[in-house]
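Content type PDB, C-alpha atoms and all ligand atoms, from the file work-v3.pdb:
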```
ATOM      1  CA  MET A   1      80.278  15.496  32.724  1.00  0.00           C
ATOM      2  CA  PRO A   2      77.098  14.909  34.728  1.00  0.00           C
ATOM      3  CA  ARG A   3      74.577  12.995  32.651  1.00  0.00           C
ATOM      4  CA  LYS A   4      71.430  14.898  31.738  1.00  0.00           C
ATOM      5  CA  PRO A   5      68.441  13.197  33.347  1.00  0.00           C
ATOM      6  CA  ALA A   6      66.466  11.218  30.784  1.00  0.00           C
ATOM      7  CA  LYS A   7      63.289  12.938  29.644  1.00  0.00           C
ATOM      8  CA  PRO A   8      60.409  11.032  31.213  1.00  0.00           C
ATOM      9  CA  LEU A   9      58.406   9.137  28.605  1.00  0.00           C
ATOM     10  CA  TRP A  10      55.175  10.751  29.677  1.00  0.00           C
ATOM     11  CA  THR A  11      56.363  14.217  28.600  1.00  0.00           C
ATOM     12  CA  SER A  12      57.578  12.906  25.273  1.00  0.00           C
ATOM     13  CA  PRO A  13      55.673  13.219  22.026  1.00  0.00           C
ATOM     14  CA  LEU A  14      56.953   9.738  21.184  1.00  0.00           C
ATOM     15  CA  TRP A  15      53.529   8.120  21.250  1.00  0.00           C
ATOM     16  CA  THR A  16      52.178  10.890  19.017  1.00  0.00           C
ATOM     17  CA  ARG A  17      54.918  10.143  16.507  1.00  0.00           C
ATOM     18  CA  ILE A  18      54.239   6.419  16.722  1.00  0.00           C
ATOM     19  CA  ASP A  19      50.499   7.006  16.286  1.00  0.00           C
ATOM     20  CA  ARG A  20      51.155   9.208  13.230  1.00  0.00           C
ATOM     21  CA  TYR A  21      53.458   6.565  11.774  1.00  0.00           C
ATOM     22  CA  PHE A  22      50.892   3.789  12.344  1.00  0.00           C
ATOM     23  CA  GLY A  23      48.088   6.025  11.086  1.00  0.00           C
ATOM     24  CA  GLU A  24      49.844   7.058   7.880  1.00  0.00           C
ATOM     25  CA  LEU A  25      50.773   3.448   7.213  1.00  0.00           C
ATOM     26  CA  LEU A  26      47.598   1.604   8.201  1.00  0.00           C
ATOM     27  CA  ALA A  27      44.790   4.168   8.247  1.00  0.00           C
ATOM     28  CA  PRO A  28      45.862   6.571   5.525  1.00  0.00           C
ATOM     29  CA  SER A  29      43.567   9.470   4.818  1.00  0.00           C
ATOM     30  CA  ASP A  30      42.002  10.055   1.438  1.00  0.00           C
ATOM     31  CA  GLU A  31      40.218  12.895  -0.256  1.00  0.00           C
ATOM     32  CA  LYS A  32      36.812  12.195   1.355  1.00  0.00           C
ATOM     33  CA  LEU A  33      38.137  11.803   4.890  1.00  0.00           C
ATOM     34  CA  ASP A  34      40.345  14.871   4.438  1.00  0.00           C
ATOM     35  CA  SER A  35      37.433  16.957   3.175  1.00  0.00           C
ATOM     36  CA  ALA A  36      35.316  15.854   6.138  1.00  0.00           C
ATOM     37  CA  ILE A  37      37.979  16.945   8.624  1.00  0.00           C
ATOM     38  CA  LYS A  38      38.531  20.209   6.733  1.00  0.00           C
ATOM     39  CA  ALA A  39      34.784  20.936   6.655  1.00  0.00           C
ATOM     40  CA  ASN A  40      34.534  20.200  10.389  1.00  0.00           C
ATOM     41  CA  ARG A  41      37.386  22.571  11.222  1.00  0.00           C
ATOM     42  CA  LYS A  42      36.029  25.241   8.837  1.00  0.00           C
ATOM     43  CA  ALA A  43      32.647  25.023  10.580  1.00  0.00           C
ATOM     44  CA  ARG A  44      34.477  25.276  13.916  1.00  0.00           C
ATOM     45  CA  LEU A  45      33.191  21.963  15.211  1.00  0.00           C
ATOM     46  CA  PRO A  46      35.215  20.833  18.217  1.00  0.00           C
ATOM     47  CA  ALA A  47      38.191  18.701  17.142  1.00  0.00           C
ATOM     48  CA  ILE A  48      36.905  15.636  18.973  1.00  0.00           C
ATOM     49  CA  ASP A  49      36.478  13.271  16.035  1.00  0.00           C
ATOM     50  CA  VAL A  50      37.984   9.812  16.562  1.00  0.00           C
ATOM     51  CA  SER A  51      41.626   9.460  15.491  1.00  0.00           C
ATOM     52  CA  PRO A  52      42.265   7.863  12.076  1.00  0.00           C
ATOM     53  CA  LEU A  53      43.437   4.661  13.761  1.00  0.00           C
ATOM     54  CA  LEU A  54      40.336   4.455  15.945  1.00  0.00           C
ATOM     55  CA  GLY A  55      38.251   5.096  12.829  1.00  0.00           C
ATOM     56  CA  LYS A  56      39.990   2.202  11.104  1.00  0.00           C
ATOM     57  CA  PHE A  57      39.572   0.037  14.204  1.00  0.00           C
ATOM     58  CA  LEU A  58      35.815   0.713  14.209  1.00  0.00           C
ATOM     59  CA  GLN A  59      35.715  -0.082  10.501  1.00  0.00           C
ATOM     60  CA  ILE A  60      37.418  -3.439  11.072  1.00  0.00           C
ATOM     61  CA  LEU A  61      35.076  -4.213  13.984  1.00  0.00           C
ATOM     62  CA  VAL A  62      32.080  -3.559  11.732  1.00  0.00           C
ATOM     63  CA  GLN A  63      33.628  -5.952   9.215  1.00  0.00           C
ATOM     64  CA  ILE A  64      34.499  -8.647  11.786  1.00  0.00           C
ATOM     65  CA  THR A  65      30.985  -8.573  13.234  1.00  0.00           C
ATOM     66  CA  LYS A  66      29.477  -8.499   9.706  1.00  0.00           C
ATOM     67  CA  ALA A  67      27.293  -5.715  11.063  1.00  0.00           C
ATOM     68  CA  LYS A  68      24.426  -4.661   8.827  1.00  0.00           C
ATOM     69  CA  ARG A  69      22.710  -2.450  11.386  1.00  0.00           C
ATOM     70  CA  VAL A  70      24.922   0.006  13.227  1.00  0.00           C
ATOM     71  CA  LEU A  71      23.893   2.520  15.879  1.00  0.00           C
ATOM     72  CA  GLU A  72      26.110   5.495  16.644  1.00  0.00           C
ATOM     73  CA  ILE A  73      25.407   7.868  19.535  1.00  0.00           C
ATOM     74  CA  GLY A  74      27.277  11.134  18.837  1.00  0.00           C
ATOM     75  CA  THR A  75      27.727  12.030  15.145  1.00  0.00           C
ATOM     76  CA  LEU A  76      29.637  15.351  15.262  1.00  0.00           C
ATOM     77  CA  GLY A  77      30.728  15.878  11.613  1.00  0.00           C
ATOM     78  CA  GLY A  78      30.364  12.236  10.655  1.00  0.00           C
ATOM     79  CA  TYR A  79      34.074  11.327  10.559  1.00  0.00           C
ATOM     80  CA  SER A  80      33.660   8.074  12.515  1.00  0.00           C
ATOM     81  CA  THR A  81      30.412   7.482  10.589  1.00  0.00           C
ATOM     82  CA  ILE A  82      32.317   7.557   7.283  1.00  0.00           C
ATOM     83  CA  TRP A  83      34.802   4.948   8.528  1.00  0.00           C
ATOM     84  CA  MET A  84      32.005   2.636   9.683  1.00  0.00           C
ATOM     85  CA  ALA A  85      29.673   3.242   6.721  1.00  0.00           C
ATOM     86  CA  ARG A  86      32.443   2.173   4.339  1.00  0.00           C
ATOM     87  CA  ALA A  87      32.482  -1.251   6.009  1.00  0.00           C
ATOM     88  CA  LEU A  88      28.763  -1.926   5.643  1.00  0.00           C
ATOM     89  CA  PRO A  89      27.640  -4.723   3.379  1.00  0.00           C
ATOM     90  CA  ARG A  90      25.031  -4.064   0.680  1.00  0.00           C
ATOM     91  CA  GLY A  91      21.811  -2.895   2.335  1.00  0.00           C
ATOM     92  CA  GLY A  92      23.601  -2.029   5.588  1.00  0.00           C
ATOM     93  CA  ARG A  93      22.550   1.101   7.497  1.00  0.00           C
ATOM     94  CA  ILE A  94      23.852   3.313  10.272  1.00  0.00           C
ATOM     95  CA  VAL A  95      21.507   5.244  12.515  1.00  0.00           C
ATOM     96  CA  SER A  96      23.516   8.090  14.041  1.00  0.00           C
ATOM     97  CA  LEU A  97      22.131  10.259  16.838  1.00  0.00           C
ATOM     98  CA  GLU A  98      23.198  13.878  17.206  1.00  0.00           C
ATOM     99  CA  PHE A  99      21.974  16.564  19.567  1.00  0.00           C
ATOM    100  CA  CYS A 100      23.135  19.598  17.610  1.00  0.00           C
ATOM    101  CA  PRO A 101      21.332  20.402  14.313  1.00  0.00           C
ATOM    102  CA  ARG A 102      24.414  22.202  12.973  1.00  0.00           C
ATOM    103  CA  HIS A 103      26.665  19.222  13.596  1.00  0.00           C
ATOM    104  CA  ALA A 104      24.110  17.010  11.864  1.00  0.00           C
ATOM    105  CA  GLU A 105      23.973  19.366   8.870  1.00  0.00           C
ATOM    106  CA  ILE A 106      27.777  19.336   8.492  1.00  0.00           C
ATOM    107  CA  ALA A 107      27.802  15.540   8.901  1.00  0.00           C
ATOM    108  CA  ARG A 108      25.165  15.136   6.165  1.00  0.00           C
ATOM    109  CA  GLY A 109      27.317  17.284   3.848  1.00  0.00           C
ATOM    110  CA  ASN A 110      30.398  15.185   4.609  1.00  0.00           C
ATOM    111  CA  LEU A 111      28.537  11.915   4.096  1.00  0.00           C
ATOM    112  CA  ARG A 112      26.986  13.179   0.848  1.00  0.00           C
ATOM    113  CA  ASN A 113      30.437  14.184  -0.369  1.00  0.00           C
ATOM    114  CA  ALA A 114      31.739  10.715   0.539  1.00  0.00           C
ATOM    115  CA  GLY A 115      28.850   9.064  -1.372  1.00  0.00           C
ATOM    116  CA  LEU A 116      27.554   7.462   1.825  1.00  0.00           C
ATOM    117  CA  LEU A 117      24.509   9.502   2.803  1.00  0.00           C
ATOM    118  CA  ASN A 118      22.160   6.801   1.482  1.00  0.00           C
ATOM    119  CA  ARG A 119      23.560   4.417   4.130  1.00  0.00           C
ATOM    120  CA  VAL A 120      23.172   6.777   7.086  1.00  0.00           C
ATOM    121  CA  ASP A 121      20.117   8.047   8.919  1.00  0.00           C
ATOM    122  CA  ILE A 122      21.045  10.970  11.185  1.00  0.00           C
ATOM    123  CA  ARG A 123      18.445  11.673  13.852  1.00  0.00           C
ATOM    124  CA  VAL A 124      18.672  15.090  15.456  1.00  0.00           C
ATOM    125  CA  GLY A 125      17.831  15.654  19.127  1.00  0.00           C
ATOM    126  CA  PRO A 126      18.924  14.472  22.552  1.00  0.00           C
ATOM    127  CA  ALA A 127      19.839  10.809  22.207  1.00  0.00           C
ATOM    128  CA  LEU A 128      17.771   9.999  25.288  1.00  0.00           C
ATOM    129  CA  SER A 129      14.697  11.094  23.294  1.00  0.00           C
ATOM    130  CA  SER A 130      15.749   9.451  20.026  1.00  0.00           C
ATOM    131  CA  LEU A 131      16.562   6.069  21.626  1.00  0.00           C
ATOM    132  CA  PRO A 132      13.042   5.348  22.965  1.00  0.00           C
ATOM    133  CA  GLN A 133      11.627   6.502  19.607  1.00  0.00           C
ATOM    134  CA  LEU A 134      13.935   4.084  17.831  1.00  0.00           C
ATOM    135  CA  LYS A 135      12.820   1.256  20.104  1.00  0.00           C
ATOM    136  CA  SER A 136       9.119   2.007  19.739  1.00  0.00           C
ATOM    137  CA  SER A 137       9.430   2.263  15.953  1.00  0.00           C
ATOM    138  CA  GLY A 138      10.784  -1.303  15.940  1.00  0.00           C
ATOM    139  CA  ALA A 139      14.365  -0.373  14.972  1.00  0.00           C
ATOM    140  CA  GLY A 140      17.069  -2.845  15.872  1.00  0.00           C
ATOM    141  CA  PRO A 141      18.374  -5.066  17.113  1.00  0.00           C
ATOM    142  CA  PHE A 142      21.637  -3.430  16.114  1.00  0.00           C
ATOM    143  CA  ASP A 143      24.712  -5.547  15.390  1.00  0.00           C
ATOM    144  CA  PHE A 144      27.243  -2.904  16.387  1.00  0.00           C
ATOM    145  CA  ILE A 145      26.795   0.120  18.664  1.00  0.00           C
ATOM    146  CA  PHE A 146      29.274   2.975  19.085  1.00  0.00           C
ATOM    147  CA  ILE A 147      28.677   5.289  22.064  1.00  0.00           C
ATOM    148  CA  ASP A 148      30.527   8.599  21.698  1.00  0.00           C
ATOM    149  CA  ALA A 149      28.369  11.480  22.967  1.00  0.00           C
ATOM    150  CA  ASP A 150      27.987  13.200  26.367  1.00  0.00           C
ATOM    151  CA  LYS A 151      29.805  10.962  28.828  1.00  0.00           C
ATOM    152  CA  VAL A 152      27.526  11.842  31.750  1.00  0.00           C
ATOM    153  CA  ASN A 153      24.764   9.849  30.051  1.00  0.00           C
ATOM    154  CA  ASN A 154      26.871   6.783  29.259  1.00  0.00           C
ATOM    155  CA  PRO A 155      25.101   4.608  31.879  1.00  0.00           C
ATOM    156  CA  LYS A 156      21.740   5.386  30.244  1.00  0.00           C
ATOM    157  CA  TYR A 157      23.179   4.881  26.759  1.00  0.00           C
ATOM    158  CA  LEU A 158      24.473   1.490  27.848  1.00  0.00           C
ATOM    159  CA  GLN A 159      21.004   0.538  29.109  1.00  0.00           C
ATOM    160  CA  TRP A 160      19.485   1.582  25.783  1.00  0.00           C
ATOM    161  CA  ALA A 161      22.210  -0.226  23.875  1.00  0.00           C
ATOM    162  CA  LEU A 162      21.208  -3.404  25.707  1.00  0.00           C
ATOM    163  CA  LYS A 163      17.538  -2.855  24.859  1.00  0.00           C
ATOM    164  CA  LEU A 164      18.464  -2.388  21.207  1.00  0.00           C
ATOM    165  CA  SER A 165      20.869  -5.331  20.926  1.00  0.00           C
ATOM    166  CA  ARG A 166      20.847  -9.118  20.497  1.00  0.00           C
ATOM    167  CA  ARG A 167      23.237 -11.904  21.464  1.00  0.00           C
ATOM    168  CA  GLY A 168      26.427 -11.158  19.521  1.00  0.00           C
ATOM    169  CA  THR A 169      26.029  -7.370  19.403  1.00  0.00           C
ATOM    170  CA  VAL A 170      29.285  -5.503  20.054  1.00  0.00           C
ATOM    171  CA  ILE A 171      29.131  -2.240  22.021  1.00  0.00           C
ATOM    172  CA  VAL A 172      32.060   0.212  22.041  1.00  0.00           C
ATOM    173  CA  VAL A 173      32.152   3.145  24.470  1.00  0.00           C
ATOM    174  CA  ASP A 174      34.756   5.778  23.597  1.00  0.00           C
ATOM    175  CA  ASN A 175      36.900   8.006  25.853  1.00  0.00           C
ATOM    176  CA  VAL A 176      36.697   6.030  29.086  1.00  0.00           C
ATOM    177  CA  VAL A 177      40.092   7.163  30.414  1.00  0.00           C
ATOM    178  CA  ARG A 178      39.351  10.882  30.793  1.00  0.00           C
ATOM    179  CA  GLN A 179      43.082  11.728  30.741  1.00  0.00           C
ATOM    180  CA  GLY A 180      43.545   9.341  33.657  1.00  0.00           C
ATOM    181  CA  SER A 181      40.818  10.822  35.863  1.00  0.00           C
ATOM    182  CA  VAL A 182      38.723   7.658  35.553  1.00  0.00           C
ATOM    183  CA  VAL A 183      40.597   6.280  38.583  1.00  0.00           C
ATOM    184  CA  LYS A 184      39.335   9.118  40.812  1.00  0.00           C
ATOM    185  CA  ALA A 185      36.646   7.245  42.685  1.00  0.00           C
ATOM    186  CA  LYS A 186      35.579  10.347  44.608  1.00  0.00           C
ATOM    187  CA  SER A 187      35.404  12.662  41.602  1.00  0.00           C
ATOM    188  CA  SER A 188      32.238  14.703  41.308  1.00  0.00           C
ATOM    189  CA  ASP A 189      32.918  15.542  37.650  1.00  0.00           C
ATOM    190  CA  PRO A 190      29.732  14.321  35.917  1.00  0.00           C
ATOM    191  CA  ASP A 191      31.693  12.879  32.967  1.00  0.00           C
ATOM    192  CA  ILE A 192      33.869  10.822  35.294  1.00  0.00           C
ATOM    193  CA  VAL A 193      30.934   9.733  37.425  1.00  0.00           C
ATOM    194  CA  GLY A 194      29.102   8.709  34.210  1.00  0.00           C
ATOM    195  CA  THR A 195      32.126   6.888  32.827  1.00  0.00           C
ATOM    196  CA  ARG A 196      32.794   4.969  36.052  1.00  0.00           C
ATOM    197  CA  ARG A 197      29.138   4.026  36.474  1.00  0.00           C
ATOM    198  CA  CYS A 198      29.003   2.789  32.887  1.00  0.00           C
ATOM    199  CA  LEU A 199      32.116   0.634  33.411  1.00  0.00           C
ATOM    200  CA  GLU A 200      30.674  -0.749  36.668  1.00  0.00           C
ATOM    201  CA  MET A 201      27.450  -1.620  34.862  1.00  0.00           C
ATOM    202  CA  MET A 202      29.436  -3.358  32.139  1.00  0.00           C
ATOM    203  CA  ALA A 203      31.230  -5.391  34.802  1.00  0.00           C
ATOM    204  CA  ALA A 204      28.053  -6.332  36.668  1.00  0.00           C
ATOM    205  CA  GLU A 205      25.739  -7.008  33.736  1.00  0.00           C
ATOM    206  CA  PRO A 206      25.441 -10.768  33.181  1.00  0.00           C
ATOM    207  CA  ARG A 207      24.423 -10.238  29.544  1.00  0.00           C
ATOM    208  CA  LEU A 208      27.789  -8.589  28.824  1.00  0.00           C
ATOM    209  CA  SER A 209      31.381  -9.688  28.616  1.00  0.00           C
ATOM    210  CA  ALA A 210      33.401  -6.469  28.686  1.00  0.00           C
ATOM    211  CA  VAL A 211      36.919  -5.110  28.526  1.00  0.00           C
ATOM    212  CA  ALA A 212      38.501  -1.632  28.617  1.00  0.00           C
ATOM    213  CA  LEU A 213      41.764  -0.613  26.993  1.00  0.00           C
ATOM    214  CA  GLN A 214      43.770   2.536  27.563  1.00  0.00           C
ATOM    215  CA  THR A 215      45.541   3.998  24.576  1.00  0.00           C
ATOM    216  CA  VAL A 216      48.133   6.671  23.899  1.00  0.00           C
ATOM    217  CA  GLY A 217      48.413   8.491  20.639  1.00  0.00           C
ATOM    218  CA  VAL A 218      47.588  11.698  18.823  1.00  0.00           C
ATOM    219  CA  LYS A 219      44.962  12.408  21.469  1.00  0.00           C
ATOM    220  CA  GLY A 220      47.274  11.758  24.410  1.00  0.00           C
ATOM    221  CA  LEU A 221      46.031   9.345  27.045  1.00  0.00           C
ATOM    222  CA  ASP A 222      42.666   7.950  26.011  1.00  0.00           C
ATOM    223  CA  GLY A 223      40.874   4.613  25.813  1.00  0.00           C
ATOM    224  CA  PHE A 224      37.689   2.741  25.097  1.00  0.00           C
ATOM    225  CA  ALA A 225      35.563  -0.016  26.554  1.00  0.00           C
ATOM    226  CA  MET A 226      34.108  -2.813  24.497  1.00  0.00           C
ATOM    227  CA  ALA A 227      31.436  -5.331  25.382  1.00  0.00           C
ATOM    228  CA  LEU A 228      29.962  -8.370  23.720  1.00  0.00           C
ATOM    229  CA  VAL A 229      26.332  -9.230  24.387  1.00  0.00           C
ATOM    230  CA  ILE A 230      26.600 -12.893  25.365  1.00  0.00           C
ATOM    231  CA  ARG A 231      22.977 -13.736  26.175  1.00  0.00           C
TER     232      ARG A 231
HETATM  233  C1  LIG B   1      32.815  13.176  20.571  1.00  0.00           C
HETATM  234  S1  LIG B   1      31.676  13.892  19.497  1.00  0.00           S
HETATM  235  C2  LIG B   1      31.347  12.587  18.358  1.00  0.00           C
HETATM  236  C3  LIG B   1      32.500  12.345  17.454  1.00  0.00           C
HETATM  237  C4  LIG B   1      32.188  11.413  16.314  1.00  0.00           C
HETATM  238  N1  LIG B   1      31.734  10.120  16.792  1.00  0.00           N
HETATM  239  C5  LIG B   1      33.430  11.214  15.470  1.00  0.00           C
HETATM  240  O1  LIG B   1      34.334  10.525  15.937  1.00  0.00           O
HETATM  241  O2  LIG B   1      33.515  11.775  14.363  1.00  0.00           O
HETATM  242  C6  LIG B   1      30.233  13.935  20.469  1.00  0.00           C
HETATM  243  C7  LIG B   1      28.980  14.407  19.748  1.00  0.00           C
HETATM  244  O3  LIG B   1      27.867  14.059  20.574  1.00  0.00           O
HETATM  245  C8  LIG B   1      26.925  15.076  20.520  1.00  0.00           C
HETATM  246  N2  LIG B   1      26.092  15.023  21.731  1.00  0.00           N
HETATM  247  C9  LIG B   1      26.378  15.546  22.957  1.00  0.00           C
HETATM  248  N3  LIG B   1      25.357  15.335  23.786  1.00  0.00           N
HETATM  249  C10 LIG B   1      24.422  14.661  23.092  1.00  0.00           C
HETATM  250  C11 LIG B   1      23.140  14.155  23.398  1.00  0.00           C
HETATM  251  N4  LIG B   1      22.615  14.305  24.627  1.00  0.00           N
HETATM  252  N5  LIG B   1      22.456  13.520  22.443  1.00  0.00           N
HETATM  253  C12 LIG B   1      22.991  13.331  21.199  1.00  0.00           C
HETATM  254  N6  LIG B   1      24.197  13.801  20.851  1.00  0.00           N
HETATM  255  C13 LIG B   1      24.904  14.443  21.768  1.00  0.00           C
HETATM  256  C14 LIG B   1      27.756  16.352  20.430  1.00  0.00           C
HETATM  257  O4  LIG B   1      26.982  17.420  19.900  1.00  0.00           O
HETATM  258  C15 LIG B   1      28.910  15.915  19.539  1.00  0.00           C
HETATM  259  O5  LIG B   1      28.630  16.225  18.191  1.00  0.00           O
END
```
Turn the structure described in the file into structure tokens.
Amino acid sequence: MPRKPAKPLWTSPLWTRIDRYFGELLAPSDEKLDSAIKANRKARLPAIDVSPLLGKFLQILVQITKAKRVLEIGTLGGYSTIWMARALPRGGRIVSLEFCPRHAEIARGNLRNAGLLNRVDIRVGPALSSLPQLKSSGAGPFDFIFIDADKVNNPKYLQWALKLSRRGTVIVVDNVVRQGSVVKAKSSDPDIVGTRRCLEMMAAEPRLSAVALQTVGVKGLDGFAMALVIR
């Protein structure tokens, strides 16, 4: 009997199953996280929240860095915000920037329901307007910064992150793989151009030591970049 050709790994849902297994074991959901996801889907927000495991990873990073001041760019329904806010020490705060008033309203409801709204300040408007306002109002330096909004603006968000950071600040930029398209040097897709430029800036910036990791999981091929402000 001729052997059936093996199914190539890249068409297999294996990594989804592994991610679910890891997630259920190590980043189990609870009533508050579940309600947030349900409220987001009910309000028809795009299903682009971080995965449970990335949420847990962000939470652990906030704990490792002992972050008291966190900046998030891109709130959506506040799912990642809940994970991070739970890791804050007493008196810790997250400033989360969101363009869309409806997303911000849903996020406030989710954070209120999770008992965390008193730790989070959601600022509505284009982040490129909110960031200079934050700087001029004397906010920061932030200890941990999570960039997860419109990818085209990632180079500018990185510049603002540097202005709002100190030595030791950790900066995470989500979704840098773009389903693999990040390697297309000639791409004119604004999200890919923005992602590549941001990574190049991370590489060239002497104040940063940076890395990028690709991941596979419930969201398919994905990845994030992370940088430490070293001076
Ligand atoms: C990927 S989602 C954020 C997901 C969220 N961090 C989570 O994991 O739960 C991106 C969010 O950024 C917001 N956004 C897009 N462009 C923006 C901008 N210019 N300024 C601020 N927020 C923006 C979108 O409205 C959307 O809610």
Which chain A residues have any atom within 10 Å of an atom of ligand LIG 1 (chain B), and for each, what is the nearest pair of atoms with distance in Å to one decimal, counting all atoms listed in the file, rows sorted by chain and number, as a Markdown table?
```
| residue | atom | partner | partner_atom | distance |
| --- | --- | --- | --- | --- |
| A:Ala36 | CA | B:LIG1 | O2 | 9.4 |
| A:Ile37 | CA | B:LIG1 | O2 | 8.9 |
| A:Asn40 | CA | B:LIG1 | O2 | 9.4 |
| A:Leu45 | CA | B:LIG1 | O5 | 7.9 |
| A:Pro46 | CA | B:LIG1 | S1 | 7.9 |
| A:Ala47 | CA | B:LIG1 | S1 | 8.4 |
| A:Ile48 | CA | B:LIG1 | C1 | 5.0 |
| A:Asp49 | CA | B:LIG1 | O1 | 3.5 |
| A:Val50 | CA | B:LIG1 | O1 | 3.8 |
| A:Ser51 | CA | B:LIG1 | O1 | 7.4 |
| A:Pro52 | CA | B:LIG1 | O1 | 9.2 |
| A:Leu54 | CA | B:LIG1 | O1 | 8.5 |
| A:Gly55 | CA | B:LIG1 | O1 | 7.4 |
| A:Glu72 | CA | B:LIG1 | N1 | 7.3 |
| A:Ile73 | CA | B:LIG1 | N6 | 6.2 |
| A:Gly74 | CA | B:LIG1 | O3 | 3.5 |
| A:Thr75 | CA | B:LIG1 | C4 | 4.7 |
| A:Leu76 | CA | B:LIG1 | O5 | 3.2 |
| A:Gly77 | CA | B:LIG1 | O2 | 5.7 |
| A:Gly78 | CA | B:LIG1 | O2 | 4.9 |
| A:Tyr79 | CA | B:LIG1 | O2 | 3.9 |
| A:Ser80 | CA | B:LIG1 | O2 | 4.1 |
| A:Thr81 | CA | B:LIG1 | O2 | 6.5 |
| A:Ile82 | CA | B:LIG1 | O2 | 8.3 |
| A:Trp83 | CA | B:LIG1 | O2 | 9.1 |
| A:Ser96 | CA | B:LIG1 | C12 | 8.9 |
| A:Leu97 | CA | B:LIG1 | C12 | 5.4 |
| A:Glu98 | CA | B:LIG1 | N6 | 3.8 |
| A:Phe99 | CA | B:LIG1 | C12 | 3.8 |
| A:Cys100 | CA | B:LIG1 | O4 | 5.0 |
| A:Pro101 | CA | B:LIG1 | O4 | 8.5 |
| A:Arg102 | CA | B:LIG1 | O4 | 8.8 |
| A:His103 | CA | B:LIG1 | O5 | 5.8 |
| A:Ala104 | CA | B:LIG1 | O5 | 7.8 |
| A:Ala107 | CA | B:LIG1 | O2 | 8.8 |
| A:Arg123 | CA | B:LIG1 | C12 | 8.8 |
| A:Val124 | CA | B:LIG1 | C12 | 7.4 |
| A:Gly125 | CA | B:LIG1 | C12 | 6.0 |
| A:Pro126 | CA | B:LIG1 | N5 | 3.7 |
| A:Ala127 | CA | B:LIG1 | N5 | 3.8 |
| A:Leu128 | CA | B:LIG1 | N5 | 6.5 |
| A:Ser129 | CA | B:LIG1 | N5 | 8.2 |
| A:Ser130 | CA | B:LIG1 | N5 | 8.2 |
| A:Leu131 | CA | B:LIG1 | N5 | 9.5 |
| A:Phe146 | CA | B:LIG1 | N1 | 7.9 |
| A:Ile147 | CA | B:LIG1 | N1 | 7.8 |
| A:Asp148 | CA | B:LIG1 | C1 | 5.2 |
| A:Ala149 | CA | B:LIG1 | O3 | 3.6 |
| A:Asp150 | CA | B:LIG1 | N3 | 4.3 |
| A:Lys151 | CA | B:LIG1 | N3 | 8.0 |
| A:Val152 | CA | B:LIG1 | N3 | 9.0 |
| A:Asn153 | CA | B:LIG1 | N4 | 7.3 |
| A:Asn154 | CA | B:LIG1 | N4 | 9.8 |
| A:Tyr157 | CA | B:LIG1 | N4 | 9.7 |
| A:Asp174 | CA | B:LIG1 | C1 | 8.2 |
| A:Asn175 | CA | B:LIG1 | C1 | 8.4 |
```
Under the PyMOL selection byres (((chain A and resi 59) around 9) and not hetatm), which residues of this model are included? Write them out as a PDB file with C-alpha atoms, in the frame of the given file.
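Result file follows (selection-v3.pdb):
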```
ATOM      1  CA  LEU A  54      40.336   4.455  15.945  1.00  0.00           C
ATOM      2  CA  GLY A  55      38.251   5.096  12.829  1.00  0.00           C
ATOM      3  CA  LYS A  56      39.990   2.202  11.104  1.00  0.00           C
ATOM      4  CA  PHE A  57      39.572   0.037  14.204  1.00  0.00           C
ATOM      5  CA  LEU A  58      35.815   0.713  14.209  1.00  0.00           C
ATOM      6  CA  ILE A  60      37.418  -3.439  11.072  1.00  0.00           C
ATOM      7  CA  LEU A  61      35.076  -4.213  13.984  1.00  0.00           C
ATOM      8  CA  VAL A  62      32.080  -3.559  11.732  1.00  0.00           C
ATOM      9  CA  GLN A  63      33.628  -5.952   9.215  1.00  0.00           C
ATOM     10  CA  ILE A  64      34.499  -8.647  11.786  1.00  0.00           C
ATOM     11  CA  SER A  80      33.660   8.074  12.515  1.00  0.00           C
ATOM     12  CA  ILE A  82      32.317   7.557   7.283  1.00  0.00           C
ATOM     13  CA  TRP A  83      34.802   4.948   8.528  1.00  0.00           C
ATOM     14  CA  MET A  84      32.005   2.636   9.683  1.00  0.00           C
ATOM     15  CA  ALA A  85      29.673   3.242   6.721  1.00  0.00           C
ATOM     16  CA  ARG A  86      32.443   2.173   4.339  1.00  0.00           C
ATOM     17  CA  ALA A  87      32.482  -1.251   6.009  1.00  0.00           C
ATOM     18  CA  LEU A  88      28.763  -1.926   5.643  1.00  0.00           C
TER      19      LEU A  88
END
```
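Picture a line from atom CA of Lys38 of chain A to atom CA of Arg112 of chain A; it runs 14.7 Å.
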Residue IDs satisfying the PyMOL selection byres (((chain A and resi 192-199) around 6) and not hetatm), as a ChimeraX atom specification | /A:151-152,154-155,176,182,189-191,200-202
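Counting from atom CA of Val172 of chain A, the distance to atom CA of Phe224 of chain A is 6.9 Å.
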Work out where the centre of an axis-aligned box around every listed atom of segment 64-74 of chain A lies and how long its edges are once 8 Å is added on each side; give both in Å to one decimal as lines of an AutoDock Vina configuration file.
```
center_x = 28.6
center_y = 1.2
center_z = 14.2
size_x = 27.8
size_y = 35.8
size_z = 26.7
```
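With distances taken over all atoms listed in the file, A:Leu53 is the one residue among A:Ile122, A:Leu53, A:Ala203, A:Ile106 lying closest to Ser29 of chain A.
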